[in-house]
Structure formats: structure tokens, C-alpha cells
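Visitor: Sharing a structure here in C-alpha cells format.
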Amino acid sequence: MWTLTVRMYEGEVLGPNNVLRAHNLKAPFGVYKSVFFSREKAMAARYHSSRLPEQWFDPWRLFAQIIIFWAPSFLLSSVSGLKDKGKIQAWGEKIALCFIIAILCLIVGFITVGTQKVLCPETSNMNPSRYSTLGSVPGTLSILRILYNVTQAKSPSTLNLDQLTLQEPGQDITPYFYRTASQYSACKGLNFRVALEQPCASTTECPLGAINASSTFTQLNIQETTLLHGYDWDQVAALPNYFVIDGAVLNMNPYMTQHPSPVASDAVDLAIRTILKTQASSSGKDGTRLFYNRADILTAIPCLYQRYYAGNIAKITPAASWFLSAELAGPPDKSHLNRSAISPAVMPGGANISVDNRTGTAPWAGPHGSKKLIKSIPTRLPASSSTTLLPEAAPVMSLTQIGTELFAICLVTCYSEGEDSIRSTLDSISRTTYSGNNWTRLDVIENISQ
């Protein structure tokens, strides 16, 4: 006798089509077994029929297969035991993910380490190991910024090279060589006296022969070294008639000897004398800003390099950030000044709260700087207000009202420093020159032990 039963299993609800034929004590087990496996086949067929058709082109699957081109399927199935195509595909996708991770790591490493070398390649001129500062190598003198060994030099009667190297090893002796104005192609077409003067005149003798002739160095018996002549800023400040343009040190002794008095109506002459005579020597006599900010004398820079080049500042500067300098330190243009910004009088809600300042208004707000608030302040602030400010201070203002002056904010954080240490830090900050219009010194002293 056969019975028809409907069973419900945990996690599965059997509908009218999921009918199980169970056996009782009189039914043979083989009949039940055949019915059970028939149901399993029906469920598998229904599952495969309900699956979405696979795309004929899957980029990810194709990428994974390309990545494991070196491991064909027959090799994986025979060596690693991956018999199923699905397992081989899964293994390939894992390798593809590892490949992507490795590429991302290489990109991060390149950005961290390689960007500096790509944007600022280390040439021989920028290699700090090639530079020798003034006075550091005895028995040498510099010619066109290259150090020469003069210990065995055959000096002419009018100039003792041994005496010069004893006075200042490494000093520039380029002006003592014979040169003509026609040798300097960068000076052609310029009407400034620095470009027109003959280098060797009655006031500036050139006893060492032609500088562009190899026989001159042979006769003098001086040998070129692999070192380049370098200066530090203190040395340039101490040397008379030396100044710097964009890291290049210029020896203006020949020009100043020929023209001890100012040249009338000569913009370059005026700029040179401003740097050498007026500008404080403590700055290193750097004329980069003066020459590059004036279009009338900018064209004279290549000529000055050719005629008066004596060496370089022997210090690596952050030159790779030159492309950001204009954005970081340059004056803002009109498009930036016309923008609106939150007023400095606005502070986050809850900041600067005190007994006399219940609204937390910035202490510098108001027409006269810091001012006490009126005592008739409501005891409860509006819940919708996230910022507070004085009634006469607008929450939004134009950047033109602030101006082009940069703000200087000095933040001093302390933990356990003593009074002497804090005092010396604050004294150093107070002696620094800032703009008198836009600067604020903010001192934060916490957990002081003394």
C-alpha cells in the first residue's frame, strides 16, 4: 500500500509541486530512493534553467586569463590538481587581484620616492658632492666656477697665483684672464653698460692670457679638478661686489672697478648698486626677486651669467616645488579677491565661551579689535545657530576687505617646558618681522610644570 505525504523541512517550505513520496513499512526502499533522486534531478534542472545566461564577453574573466598566461590549464590540472575549470578561473582571479595590488604599491612607491628624481633629476651641476665651498680646498683657485689645482703653477711676473691661493683658497680669478665683449653672445642687443663694456680695459688688467685658449692653461701649468666652486650665503654677504641671482653667484668686481660711480639712466646699474650698497648684506645679497620682477632688466640676466658667473650657492634648495611656488606665495589675482568667505569674526559654536562672552564671539571682531560684549545678552542662544558673531560683523565678507596681505599665525604648543624655554621661543617670534596689518600671535601653554 502506498501513501502520499507532504513534509516541511527546516528552512524549506514545500509547495504543491514539491511532493515527496515516502515509503511505509510495506513499500520497498528502492522505490523511495528512485523517487528521491528523481526529485534532485528536477531541482537541479530547474536551478540551471533559472540562471542568467553568461555574457559572451567578460572583461574581468579575460583579464584574469591574460594574467595567468604563463600557467596554462593543462599545467594547472596536472601539477596543482585544479581539475575543474571554475577552480582554475578562481585561482586566476586571485592572481589578478594580487597583480593589481602590486601595481598600486609600485605607483605609491613611485609617487613617494621617484617623483623627486623624475621632476628634478640629479645632474652634475646639482650634485652636492661636486661642490667645494670657498676656502675649503687649499692650493686651488676657481676659473669659470671650476676649481683648478695651482700648487705647481707658473705665475706671470705681474700676478702671483701662489699668493692668491694663500690669501683665499678657491677664490675666483676669472677676471684676470683676457676676454672680449664679442665672446658673450647673450649680451648682444642689450644697451646696458654691463653688456657693452670690454672686460679688459685700462682699469681692469688681464695678465693671464686668453681664457678660451687651451695653451693658456698649459703655460700656467694648472690642472682642472672635478670640483665646482660653491659659496654659502654668509660668504657672499662678506665678499664685496658679489651677489646672487637664482642661486648663481656673480662676481661684479670688474664692473664696479670700471664704474665706481653710478651710470646715469641705466636700470641694470641701478639694480646692481641697490643690491650691493643699499640692501642689507645679512640677506646674502640675493637679487633674484629684484631682477625677475622687473621686465626692463629681466633680459640682462643671461648676460650677467655669461660675463660675471663665479659659482653657485652650494646648498640644495627645494627646486622641485617651483611649479607650486606661484600658487603658494604669489599675490592673489582679482578672481580670488572677488570671492566671498566667512568672516574672521565668526567662530564655531561653543568656542571662546566665557562669563563675559556668552556668545563665543571672536576676540578680534568689532571695529576696535577686542571688546567686551554688552551685558544684556540673552541667557539662551538660538538652537539653530552653529556660529556666533557680533551684531555689527557680517557673517560673510569679500576677500577684498581682507586684502592681499598674508596672515601670519604663530601657534606655540607647550607640554612641560620651563619658563626660560618658553620665554626664549616667544622672544624669538616677537623679533621676527611680520606685516603690521594681518598677523596674530596665538600662544597655547598647557600642562606647564614650572
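To be explicit about the labels: the chains of the C-alpha cells are called A, B, and onward in the order shown, and within each one the residues are counted from 1, while ligands get numbers from 1 in the order they are shown.
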Fewer than 2 positions away in the same chain doesn't count, so skip those; otherwise give me all residues within 10 Å of Gln219 in chain A, counting only C-alpha atoms, as a count of residues only.

Guide: 12

Visitor: By how many Å are CA of Asp58 in chain A and CA of Ala90 in chain A apart?

Guide: 14.1 Å

Visitor: Of the residues A:Asn212, A:Thr133, A:Thr180, A:Asn293, which is the one nearest to Val236 in chain A, using only C-alpha atoms?

Guide: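 Selected residue with least distance to Val236 in chain A: A:Thr133.
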
Visitor: Between A:Asn191, A:Asn338, A:Ser185, A:Asn241, which residue has the minimum interatomic distance to Asp266 in chain A, considering only C-alpha atoms?

Guide: A:Asn191

Visitor: Mind giving me the straight-line distance from CA of His336 in chain A to CA of Thr288 in chain A in Å, one decimal?

Guide: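 That distance, rounded to one decimal, is 26.4 Å.
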
Visitor: So how many Å separate CA of Gln167 in chain A and CA of Ile143 in chain A, to one decimal?

Guide: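 CA of Ile143 in chain A lies at a distance of 16.3 Å from CA of Gln167 in chain A.
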
Visitor: Near Leu304 in chain A, counting only C-alpha atoms, which residues have an atom at most 12 Å away, once you skip same-chain residues fewer than 4 positions from it, shown as a ChimeraX atom specification?

Guide: /A:184-188,190,192-196,243-246,248-252,255,268-269,272,287,291,297-300,308-310
